[in-house]
>>> print(open('final.cif').read())   # mmCIF, C-alpha atoms
data_protein
#
loop_
_atom_site.label_atom_id
_atom_site.label_comp_id
_atom_site.auth_asym_id
_atom_site.auth_seq_id
_atom_site.Cartn_x
_atom_site.Cartn_y
_atom_site.Cartn_z
CA MET A 462 32.63 52.74 19.32
CA ASN A 463 29.59 54.49 17.81
CA PHE A 464 31.03 56.35 14.77
CA ILE A 465 28.42 59.16 14.72
CA ARG A 466 28.92 59.76 18.43
CA PHE A 467 32.67 59.82 17.90
CA LEU A 468 32.37 62.44 15.13
CA LYS A 469 30.24 64.63 17.41
CA LYS A 470 32.81 64.22 20.14
CA CYS A 471 35.58 65.28 17.71
CA VAL A 472 33.73 68.55 17.18
CA MET A 473 32.54 69.22 20.72
CA ASP A 474 35.29 67.70 22.87
CA ARG A 475 38.55 66.86 21.11
CA PRO A 476 40.46 65.66 24.21
CA ALA A 477 37.65 63.20 24.98
CA ALA A 478 37.60 62.08 21.34
CA TRP A 479 41.34 61.44 21.41
CA SER A 480 40.99 59.50 24.67
CA SER A 481 38.27 57.30 23.12
CA ALA A 482 40.33 56.71 19.98
CA ARG A 483 43.37 55.81 22.06
CA LEU A 484 41.37 53.19 23.97
CA VAL A 485 40.13 51.67 20.72
CA MET A 486 43.65 51.55 19.27
CA ARG A 487 44.99 50.04 22.47
CA SER A 488 42.25 47.39 22.41
CA ILE A 489 43.04 46.50 18.79
CA TYR A 490 46.75 46.30 19.61
CA GLY A 491 46.01 43.93 22.49
CA GLN A 492 43.88 41.67 20.31
CA LEU A 493 46.63 41.48 17.67
CA HIS A 494 49.39 40.97 20.23
CA TRP A 495 47.65 38.12 22.03
CA ALA A 496 46.48 36.54 18.76
CA LEU A 497 50.10 36.26 17.63
CA ARG A 498 51.69 35.68 21.06
CA PRO A 499 48.97 34.38 23.40
CA ASN A 500 51.33 33.65 26.28
CA ALA A 501 53.40 36.84 26.08
CA PRO A 502 52.47 39.76 28.36
CA ILE A 503 52.00 43.28 27.07
CA CYS A 504 54.56 45.71 28.45
CA TYR A 505 52.39 48.71 29.33
CA ARG A 506 53.98 52.07 30.00
CA ILE A 507 52.33 54.06 32.78
CA PRO A 508 52.03 57.72 31.68
CA SER A 509 53.56 59.04 34.91
CA GLY A 510 56.52 56.64 34.74
CA GLY A 511 57.34 52.95 34.85
CA VAL A 512 56.07 49.89 33.05
CA VAL A 513 53.91 46.93 34.07
CA LEU A 514 53.51 43.55 32.45
CA LEU A 515 49.89 42.66 31.68
CA GLU A 516 49.19 38.97 31.22
CA ARG A 517 46.27 37.97 29.04
CA SER A 518 45.02 35.42 31.55
CA HIS A 519 45.29 37.59 34.64
CA SER A 520 42.03 39.01 35.98
CA PHE A 521 43.59 42.46 36.46
CA THR A 522 43.91 42.63 32.67
CA HIS A 523 40.35 41.34 32.23
CA ALA A 524 39.07 44.01 34.62
CA PHE A 525 41.00 47.07 33.43
CA TRP A 526 42.36 46.59 29.89
CA PRO A 527 42.40 48.70 27.75
CA GLY A 528 41.51 51.50 30.21
CA VAL A 529 44.34 50.67 32.60
CA ASP A 530 44.79 54.25 33.76
CA GLU A 531 41.16 54.42 34.87
CA TYR A 532 42.09 51.99 37.64
CA ALA A 533 41.31 53.93 40.88
CA PRO A 534 41.95 57.39 39.32
CA ASP A 535 41.55 59.19 42.66
CA VAL A 536 44.27 57.05 44.23
CA ARG A 537 46.56 57.72 41.29
CA ALA A 538 45.89 61.46 41.51
CA ALA A 539 46.61 61.47 45.26
CA LEU A 540 49.92 59.65 44.79
CA LEU A 541 50.95 62.07 42.07
CA HIS A 542 50.11 65.01 44.32
CA PHE A 543 51.52 63.88 47.67
CA LEU A 544 54.58 61.73 46.91
CA LYS A 545 57.97 63.35 46.53
CA PRO A 546 61.54 62.11 45.96
CA GLY A 547 62.96 60.27 48.95
CA ASP A 548 59.60 59.17 50.40
CA THR A 549 58.94 55.69 51.77
CA VAL A 550 55.68 54.08 50.60
CA LEU A 551 53.85 50.94 51.70
CA ASP A 552 51.49 49.53 49.06
CA CYS A 553 49.22 47.17 51.00
CA GLY A 554 47.26 44.99 48.60
CA ALA A 555 49.69 45.66 45.77
CA ASN A 556 48.12 43.19 43.32
CA ILE A 557 50.28 43.19 40.13
CA GLY A 558 52.10 46.34 41.28
CA TYR A 559 50.52 49.17 39.26
CA PHE A 560 50.62 51.62 42.18
CA SER A 561 53.93 50.24 43.49
CA VAL A 562 55.54 50.99 40.12
CA LEU A 563 53.93 54.43 39.93
CA ALA A 564 55.07 55.24 43.48
CA GLY A 565 58.60 53.99 42.76
CA HIS A 566 59.04 56.47 39.93
CA LEU A 567 57.69 59.30 42.06
CA VAL A 568 59.94 58.67 45.08
CA GLY A 569 63.01 57.95 42.94
CA PRO A 570 66.24 56.17 43.88
CA ARG A 571 66.42 57.84 47.31
CA GLY A 572 62.96 56.55 48.23
CA GLN A 573 61.60 53.12 49.07
CA VAL A 574 58.55 51.13 48.02
CA VAL A 575 57.34 48.07 49.91
CA ALA A 576 54.67 46.04 48.10
CA ILE A 577 52.61 43.83 50.41
CA GLU A 578 50.48 41.13 48.77
CA ALA A 579 48.81 38.06 50.26
CA ASN A 580 47.59 36.35 47.08
CA PRO A 581 50.10 33.65 46.03
CA VAL A 582 48.63 33.56 42.50
CA THR A 583 49.43 37.24 41.91
CA GLN A 584 52.77 37.42 43.73
CA PRO A 585 54.92 36.13 40.81
CA LEU A 586 53.64 38.82 38.43
CA LEU A 587 54.09 41.47 41.12
CA ASP A 588 57.69 40.30 41.54
CA ARG A 589 58.31 40.47 37.77
CA ASN A 590 56.92 43.99 37.56
CA LEU A 591 59.08 45.29 40.38
CA ARG A 592 62.16 43.59 38.95
CA LEU A 593 61.41 45.05 35.52
CA ASN A 594 61.46 48.54 37.02
CA GLY A 595 64.51 47.92 39.18
CA PHE A 596 63.11 48.83 42.58
CA GLY A 597 60.76 47.77 45.36
CA LYS A 598 60.59 45.00 47.93
CA ILE A 599 57.82 42.42 48.18
CA VAL A 600 56.43 41.19 51.48
CA CYS A 601 54.26 38.10 50.95
CA CYS A 602 51.75 38.16 53.77
CA ALA A 603 48.20 39.08 54.71
CA LEU A 604 47.80 42.09 56.98
CA ALA A 605 45.77 41.33 60.08
CA SER A 606 45.22 42.59 63.63
CA SER A 607 47.51 39.84 64.93
CA ALA A 608 50.16 37.52 63.49
CA GLY A 609 49.47 33.90 62.59
CA GLU A 610 48.40 31.55 59.82
CA LEU A 611 45.26 32.64 57.98
CA GLU A 612 43.00 31.41 55.20
CA LEU A 613 42.75 33.52 52.05
CA PHE A 614 39.73 33.15 49.77
CA VAL A 615 40.10 33.71 46.01
CA PRO A 616 37.31 33.40 43.42
CA ARG A 617 38.12 30.80 40.76
CA THR A 618 36.67 33.21 38.20
CA GLY A 619 39.52 35.67 38.75
CA ASP A 620 42.18 36.52 41.29
CA VAL A 621 42.11 40.32 41.04
CA TYR A 622 40.10 40.19 44.28
CA SER A 623 40.97 38.07 47.29
CA SER A 624 39.90 38.35 50.91
CA LEU A 625 40.37 36.89 54.35
CA ARG A 626 36.58 36.63 54.62
CA THR A 627 33.81 35.37 52.41
CA GLY A 628 30.63 37.35 52.01
CA GLY A 629 32.07 40.57 50.63
CA LEU A 630 33.57 40.39 47.14
CA VAL A 631 34.24 36.67 47.50
CA THR A 632 30.97 34.75 47.47
CA GLY A 633 29.51 31.51 46.18
CA PRO A 634 30.82 27.95 46.09
CA ASN A 635 33.47 28.46 43.39
CA ILE A 636 36.26 29.62 45.69
CA LYS A 637 39.91 28.62 46.09
CA ARG A 638 41.47 28.63 49.55
CA PHE A 639 45.10 29.28 50.43
CA ARG A 640 46.92 29.16 53.75
CA VAL A 641 48.90 32.39 54.11
CA HIS A 642 51.04 34.04 56.74
CA GLY A 643 49.39 36.91 58.60
CA CYS A 644 51.40 39.87 59.91
CA THR A 645 50.69 43.16 61.61
CA LEU A 646 51.72 46.34 59.85
CA ASP A 647 53.86 47.30 62.85
CA ASP A 648 55.74 43.99 62.55
CA VAL A 649 56.31 44.47 58.79
CA VAL A 650 57.76 47.95 59.30
CA SER A 651 59.87 46.77 62.24
CA SER A 652 61.22 43.72 60.40
CA LEU A 653 62.33 45.90 57.48
CA GLY A 654 64.02 48.39 59.79
CA LEU A 655 62.14 51.34 58.31
CA GLN A 656 62.81 54.59 60.13
CA ARG A 657 60.21 56.55 58.18
CA VAL A 658 56.96 55.83 56.40
CA ASP A 659 55.49 58.75 54.48
CA LEU A 660 52.45 57.21 52.80
CA ILE A 661 50.52 53.97 53.08
CA LYS A 662 47.96 52.76 50.53
CA ILE A 663 45.61 50.04 51.83
CA ASP A 664 43.22 48.14 49.57
CA ILE A 665 42.70 44.65 50.98
CA GLU A 666 39.02 43.93 50.35
CA GLY A 667 37.50 44.64 53.73
CA ALA A 668 40.43 43.99 56.08
CA GLU A 669 41.53 47.64 56.04
CA LEU A 670 40.41 48.39 59.61
CA ASP A 671 42.28 45.35 60.95
CA ALA A 672 45.40 46.55 59.13
CA LEU A 673 45.04 50.01 60.66
CA ARG A 674 44.53 48.55 64.11
CA SER A 675 47.77 46.60 63.63
CA ALA A 676 49.68 49.82 62.87
CA GLN A 677 49.51 51.62 66.20
CA ARG A 678 53.24 52.35 66.42
CA VAL A 679 53.49 53.31 62.76
CA MET A 680 50.56 55.71 62.99
CA CYS A 681 51.45 57.21 66.37
CA GLU A 682 55.21 57.54 65.89
CA LEU A 683 55.90 57.74 62.14
CA ARG A 684 52.70 59.67 61.27
CA PRO A 685 52.22 58.66 57.61
CA MET A 686 49.42 59.83 55.38
CA ILE A 687 47.15 56.87 54.58
CA ILE A 688 44.93 56.16 51.58
CA CYS A 689 42.49 53.49 52.69
CA GLU A 690 39.62 51.84 50.86
CA TYR A 691 36.32 51.81 52.72
CA GLY A 692 33.05 50.32 51.58
CA ILE A 693 29.79 48.90 52.82
CA ASN A 694 30.25 46.09 50.28
CA THR A 695 33.34 44.68 52.01
CA TRP A 696 33.72 45.98 55.57
CA PRO A 697 30.67 44.23 57.10
CA ALA A 698 32.20 40.81 56.34
CA PHE A 699 34.90 41.73 58.89
CA GLY A 700 32.47 43.24 61.40
CA ALA A 701 34.01 46.65 60.64
CA CYS A 702 32.12 49.91 60.48
CA LYS A 703 32.53 53.68 60.16
CA ASP A 704 32.14 54.34 63.91
CA ASP A 705 35.00 51.98 64.81
CA LEU A 706 37.26 53.73 62.30
CA ILE A 707 36.41 57.23 63.50
CA LEU A 708 36.98 56.27 67.14
CA MET A 709 40.38 54.77 66.34
CA LEU A 710 41.41 57.80 64.29
CA LYS A 711 40.41 60.13 67.10
CA LYS A 712 42.58 58.21 69.55
CA ARG A 713 45.54 58.35 67.15
CA ASN A 714 45.01 62.01 66.29
CA TYR A 715 44.09 61.54 62.63
CA ARG A 716 41.39 63.12 60.53
CA VAL A 717 39.54 61.56 57.61
CA GLY A 718 38.67 63.07 54.26
CA ILE A 719 38.43 62.51 50.52
CA PHE A 720 41.00 63.72 48.00
CA ASP A 721 39.55 65.84 45.21
CA PRO A 722 41.73 65.46 42.06
CA ALA A 723 40.28 68.66 40.58
CA THR A 724 41.19 70.97 43.48
CA LYS A 725 44.02 68.76 44.84
CA ARG A 726 42.62 69.15 48.33
CA VAL A 727 41.51 66.77 51.05
CA ASN A 728 37.87 67.60 51.76
CA PRO A 729 35.97 66.43 54.85
CA ALA A 730 34.14 63.14 54.26
CA SER A 731 30.45 63.77 53.62
CA GLU A 732 27.69 61.46 54.82
CA SER A 733 27.35 60.03 51.30
CA VAL A 734 30.89 58.64 51.59
CA TRP A 735 29.89 56.46 54.52
CA THR A 736 26.99 54.88 52.62
CA SER A 737 28.89 54.24 49.38
CA GLY A 738 29.89 50.83 48.09
CA TYR A 739 33.50 51.94 47.81
CA ALA A 740 35.43 55.07 48.69
CA ASN A 741 39.13 55.79 49.02
CA LEU A 742 39.54 57.63 52.30
CA VAL A 743 42.53 59.84 53.03
CA LEU A 744 43.65 59.67 56.65
CA VAL A 745 45.76 62.67 57.59
CA PRO A 746 47.68 63.32 60.82
CA SER A 747 45.98 66.27 62.49
CA GLU A 748 49.18 68.31 62.53
CA ARG A 749 49.49 68.20 58.74
CA ASP A 750 48.41 71.22 56.68
CA GLU A 751 46.72 69.30 53.86
CA PHE A 752 43.53 68.77 55.80
CA HIS A 753 43.56 71.86 58.02
CA LEU A 754 43.67 74.31 55.11
CA THR A 755 40.86 72.50 53.35
CA GLN A 756 38.80 72.30 56.54
CA GLU A 757 39.18 76.05 57.07
CA ALA A 758 38.18 76.72 53.48
CA SER A 759 35.08 74.54 53.82
CA ASN A 760 34.09 76.28 57.05
CA THR A 761 34.23 79.70 55.40
CA ALA A 762 32.35 78.64 52.28
#
>>> encode(input="final.cif", output="structure tokens")
Amino acid sequence: MNFIRFLKKCVMDRPAAWSSARLVMRSIYGQLHWALRPNAPICYRIPSGGVVLLERSHSFTHAFWPGVDEYAPDVRAALLHFLKPGDTVLDCGANIGYFSVLAGHLVGPRGQVVAIEANPVTQPLLDRNLRLNGFGKIVCCALASSAGELELFVPRTGDVYSSLRTGGLVTGPNIKRFRVHGCTLDDVVSSLGLQRVDLIKIDIEGAELDALRSAQRVMCELRPMIICEYGINTWPAFGACKDDLILMLKKRNYRVGIFDPATKRVNPASESVWTSGYANLVLVPSERDEFHLTQEASNTA
């Protein structure tokens, strides 16, 4: 941290100064902790509730420590806004379980969280995190448009990203391959006997459209809100594109937008969204008010 810049920030923007200082202190704590106990995870408390274990060697820690809560802030803000006690949540591409744990504390003991993760390297830590918090169910599979055995590609440099295709985030010769079980989202929901699904988060490195295609019954009958990653960096590896998504959503009577954490509204997706490397889309059933009110406001602006 630049000390002069920090002093200026203390005068001009105290909340930002405190945030910077907290990150520095957290970083120092991590260095001390892992110097003394290199194989022991840090038990990190999520501000909105719950704790996650962060292993020094795991690439999630490498990618997001010490700024753990800057991990997909728009997704976190949407979960905080939309989830309520008693809801059922599917976390597709759960990784170590950060959002599964957050969702579990928002839906409470009357709700349910299902964490779906294909990567066998990450699954044990995901299991530990859900057990530590006392809730959640893990489904170890890759979501695909049809069931069957699939090949999962994981960079040897870090397993925070894995994909069913190479050419997106997973490139180069230094790649591990795993045989994994592929399931449709409809089959997962059916096998668990879920009678309701209120929100689905999908972040599976390019396979999002295949997962949506596999959820026809869930989307048409249960009508969940869906937070889905889209990006021109990952979707082309699966032959997926914006037009295919919009056509499918039209058939299933959904609308697509972007959640604005500042206004807590779902705004229509602008053209810049469709050309971005990554964007977290919010797919809303057309009968829901969240999008309609925002659409009306944007039309009158």
>>> resolve_selection(input="final.cif", expression="the PyMOL selection byres ((chain A and resi 627-637) around 9)", output="PyMOL selection string")
chain A and resi 613-618+622-626+638-639+666-667+693-699
>>> atom_distance(input="final.cif", atom1="atom CA of Gly565 of chain A", atom2="atom CA of Tyr505 of chain A")
15.7 Å
>>> atom_distance(input="final.cif", atom1="atom CA of Thr645 of chain A", atom2="atom CA of Ser675 of chain A")
4.9 Å
>>> atom_distance(input="final.cif", atom1="atom CA of Leu611 of chain A", atom2="atom CA of Asn580 of chain A")
11.7 Å
>>> resolve_selection(input="final.cif", expression="the PyMOL selection byres ((chain A and resi 728) around 6)", output="PyMOL selection string")
chain A and resi 718-719+727+729+755
>>> resolve_selection(input="final.cif", expression="the PyMOL selection byres ((chain A and resi 501) around 12)", output="ChimeraX atom specification")
/A:491,493-500,502-504,514-519
>>> residues_near_point(input="final.cif", point="(51.9, 32.7, 63.8)", cutoff="10 Å", atoms="all atoms listed in the file", output="count of residues only")
8
>>> axis_aligned_box(input="final.cif", around="segment 512-529 of chain A", padding_each_side="6 Å", output="JSON")
{"center_x": 47.6, "center_y": 43.5, "center_z": 32.1, "size_x": 29.0, "size_y": 28.1, "size_z": 20.7}
>>> closest_residue(input="final.cif", among="A:Ser731, A:Asp664, A:Arg640, A:Phe543", to="Glu612 of chain A", atoms="only C-alpha atoms")
A:Arg640
>>> closest_residue(input="final.cif", among="A:Pro527, A:Ala701, A:Val658, A:Val679", to="Asp548 of chain A", atoms="all atoms listed in the file")
A:Val658
>>> closest_residue(input="final.cif", among="A:Ser480, A:Ser747, A:Ser651, A:Gln656", to="Leu683 of chain A", atoms="only C-alpha atoms")
A:Gln656
>>> residues_around(input="final.cif", residues="Gly595 of chain A", least_positions_apart="3", cutoff="12 Å", atoms="all atoms listed in the file", output="ChimeraX atom specification")
/A:511-513,561-562,565-566,569-570,573-574,588-592,598
>>> closest_residue(input="final.cif", among="A:Glu690, A:Asp705, A:Asp659, A:Glu669", to="Lys545 of chain A", atoms="all atoms listed in the file")
A:Asp659
>>> residues_around(input="final.cif", residues="Val485 of chain A", least_positions_apart="3", cutoff="8 Å", atoms="only C-alpha atoms", output="NGL selection string")
:A and (462 or 481-482 or 488-489 or 527)
>>> closest_residue(input="final.cif", among="A:Asp704, A:Glu682, A:Glu751, A:Asp535", to="Ala723 of chain A", atoms="all atoms listed in the file")
A:Asp535
>>> residues_around(input="final.cif", residues="Pro546 of chain A", least_positions_apart="6", cutoff="7 Å", atoms="all atoms listed in the file", output="VMD selection string")
chain A and resid 567 to 569 571 to 572
>>> closest_residue(input="final.cif", among="A:Ala564, A:Ile663, A:Trp526, A:Asn556", to="Cys601 of chain A", atoms="only C-alpha atoms")
A:Asn556
>>> decode(input="final.cif", residues="segment 673-730 of chain A", atoms="C-alpha atoms", output="PDB file, in the first residue's frame")
ATOM      1  CA  LEU A 673     -30.273 -24.101 -19.301  1.00  0.00           C
ATOM      2  CA  ARG A 674     -31.323 -26.275 -22.209  1.00  0.00           C
ATOM      3  CA  SER A 675     -31.311 -29.253 -19.841  1.00  0.00           C
ATOM      4  CA  ALA A 676     -33.711 -27.465 -17.462  1.00  0.00           C
ATOM      5  CA  GLN A 677     -36.861 -27.254 -19.562  1.00  0.00           C
ATOM      6  CA  ARG A 678     -39.174 -28.687 -16.902  1.00  0.00           C
ATOM      7  CA  VAL A 679     -37.562 -26.693 -14.106  1.00  0.00           C
ATOM      8  CA  MET A 680     -37.838 -23.424 -16.016  1.00  0.00           C
ATOM      9  CA  CYS A 681     -41.318 -24.002 -17.431  1.00  0.00           C
ATOM     10  CA  GLU A 682     -42.965 -25.492 -14.333  1.00  0.00           C
ATOM     11  CA  LEU A 683     -41.029 -24.274 -11.279  1.00  0.00           C
ATOM     12  CA  ARG A 684     -40.187 -20.817 -12.719  1.00  0.00           C
ATOM     13  CA  PRO A 685     -37.026 -19.966 -10.747  1.00  0.00           C
ATOM     14  CA  MET A 686     -35.038 -16.784 -11.098  1.00  0.00           C
ATOM     15  CA  ILE A 687     -31.647 -17.602 -12.648  1.00  0.00           C
ATOM     16  CA  ILE A 688     -28.272 -15.878 -12.329  1.00  0.00           C
ATOM     17  CA  CYS A 689     -26.192 -17.098 -15.248  1.00  0.00           C
ATOM     18  CA  GLU A 690     -22.684 -16.204 -16.338  1.00  0.00           C
ATOM     19  CA  TYR A 691     -22.327 -15.240 -19.985  1.00  0.00           C
ATOM     20  CA  GLY A 692     -19.160 -14.280 -21.802  1.00  0.00           C
ATOM     21  CA  ILE A 693     -17.561 -14.166 -25.212  1.00  0.00           C
ATOM     22  CA  ASN A 694     -14.426 -15.617 -23.588  1.00  0.00           C
ATOM     23  CA  THR A 695     -16.077 -18.939 -22.738  1.00  0.00           C
ATOM     24  CA  TRP A 696     -19.319 -19.476 -24.657  1.00  0.00           C
ATOM     25  CA  PRO A 697     -17.789 -19.838 -28.164  1.00  0.00           C
ATOM     26  CA  ALA A 698     -15.901 -22.970 -27.064  1.00  0.00           C
ATOM     27  CA  PHE A 699     -19.342 -24.610 -26.691  1.00  0.00           C
ATOM     28  CA  GLY A 700     -20.744 -23.148 -29.906  1.00  0.00           C
ATOM     29  CA  ALA A 701     -23.085 -21.031 -27.767  1.00  0.00           C
ATOM     30  CA  CYS A 702     -24.130 -17.480 -28.537  1.00  0.00           C
ATOM     31  CA  LYS A 703     -26.446 -14.672 -27.459  1.00  0.00           C
ATOM     32  CA  ASP A 704     -29.054 -15.380 -30.167  1.00  0.00           C
ATOM     33  CA  ASP A 705     -29.492 -19.004 -29.061  1.00  0.00           C
ATOM     34  CA  LEU A 706     -30.027 -17.861 -25.475  1.00  0.00           C
ATOM     35  CA  ILE A 707     -32.566 -15.185 -26.369  1.00  0.00           C
ATOM     36  CA  LEU A 708     -34.535 -17.597 -28.557  1.00  0.00           C
ATOM     37  CA  MET A 709     -34.680 -20.196 -25.783  1.00  0.00           C
ATOM     38  CA  LEU A 710     -35.725 -17.609 -23.196  1.00  0.00           C
ATOM     39  CA  LYS A 711     -38.491 -16.365 -25.464  1.00  0.00           C
ATOM     40  CA  LYS A 712     -39.859 -19.888 -25.839  1.00  0.00           C
ATOM     41  CA  ARG A 713     -39.794 -20.392 -22.059  1.00  0.00           C
ATOM     42  CA  ASN A 714     -41.271 -16.969 -21.310  1.00  0.00           C
ATOM     43  CA  TYR A 715     -38.233 -15.477 -19.579  1.00  0.00           C
ATOM     44  CA  ARG A 716     -36.627 -12.074 -19.878  1.00  0.00           C
ATOM     45  CA  VAL A 717     -32.950 -11.230 -19.484  1.00  0.00           C
ATOM     46  CA  GLY A 718     -31.359  -8.351 -17.622  1.00  0.00           C
ATOM     47  CA  ILE A 719     -28.525  -7.246 -15.360  1.00  0.00           C
ATOM     48  CA  PHE A 720     -28.867  -6.676 -11.619  1.00  0.00           C
ATOM     49  CA  ASP A 721     -27.739  -3.250 -10.468  1.00  0.00           C
ATOM     50  CA  PRO A 722     -26.517  -3.469  -6.829  1.00  0.00           C
ATOM     51  CA  ALA A 723     -26.885   0.302  -6.394  1.00  0.00           C
ATOM     52  CA  THR A 724     -30.578   0.521  -7.342  1.00  0.00           C
ATOM     53  CA  LYS A 725     -31.385  -3.147  -6.556  1.00  0.00           C
ATOM     54  CA  ARG A 726     -33.189  -3.451  -9.860  1.00  0.00           C
ATOM     55  CA  VAL A 727     -32.931  -5.742 -12.854  1.00  0.00           C
ATOM     56  CA  ASN A 728     -32.212  -3.503 -15.839  1.00  0.00           C
ATOM     57  CA  PRO A 729     -32.566  -4.598 -19.472  1.00  0.00           C
ATOM     58  CA  ALA A 730     -29.309  -5.977 -20.892  1.00  0.00           C
TER      59      ALA A 730
END
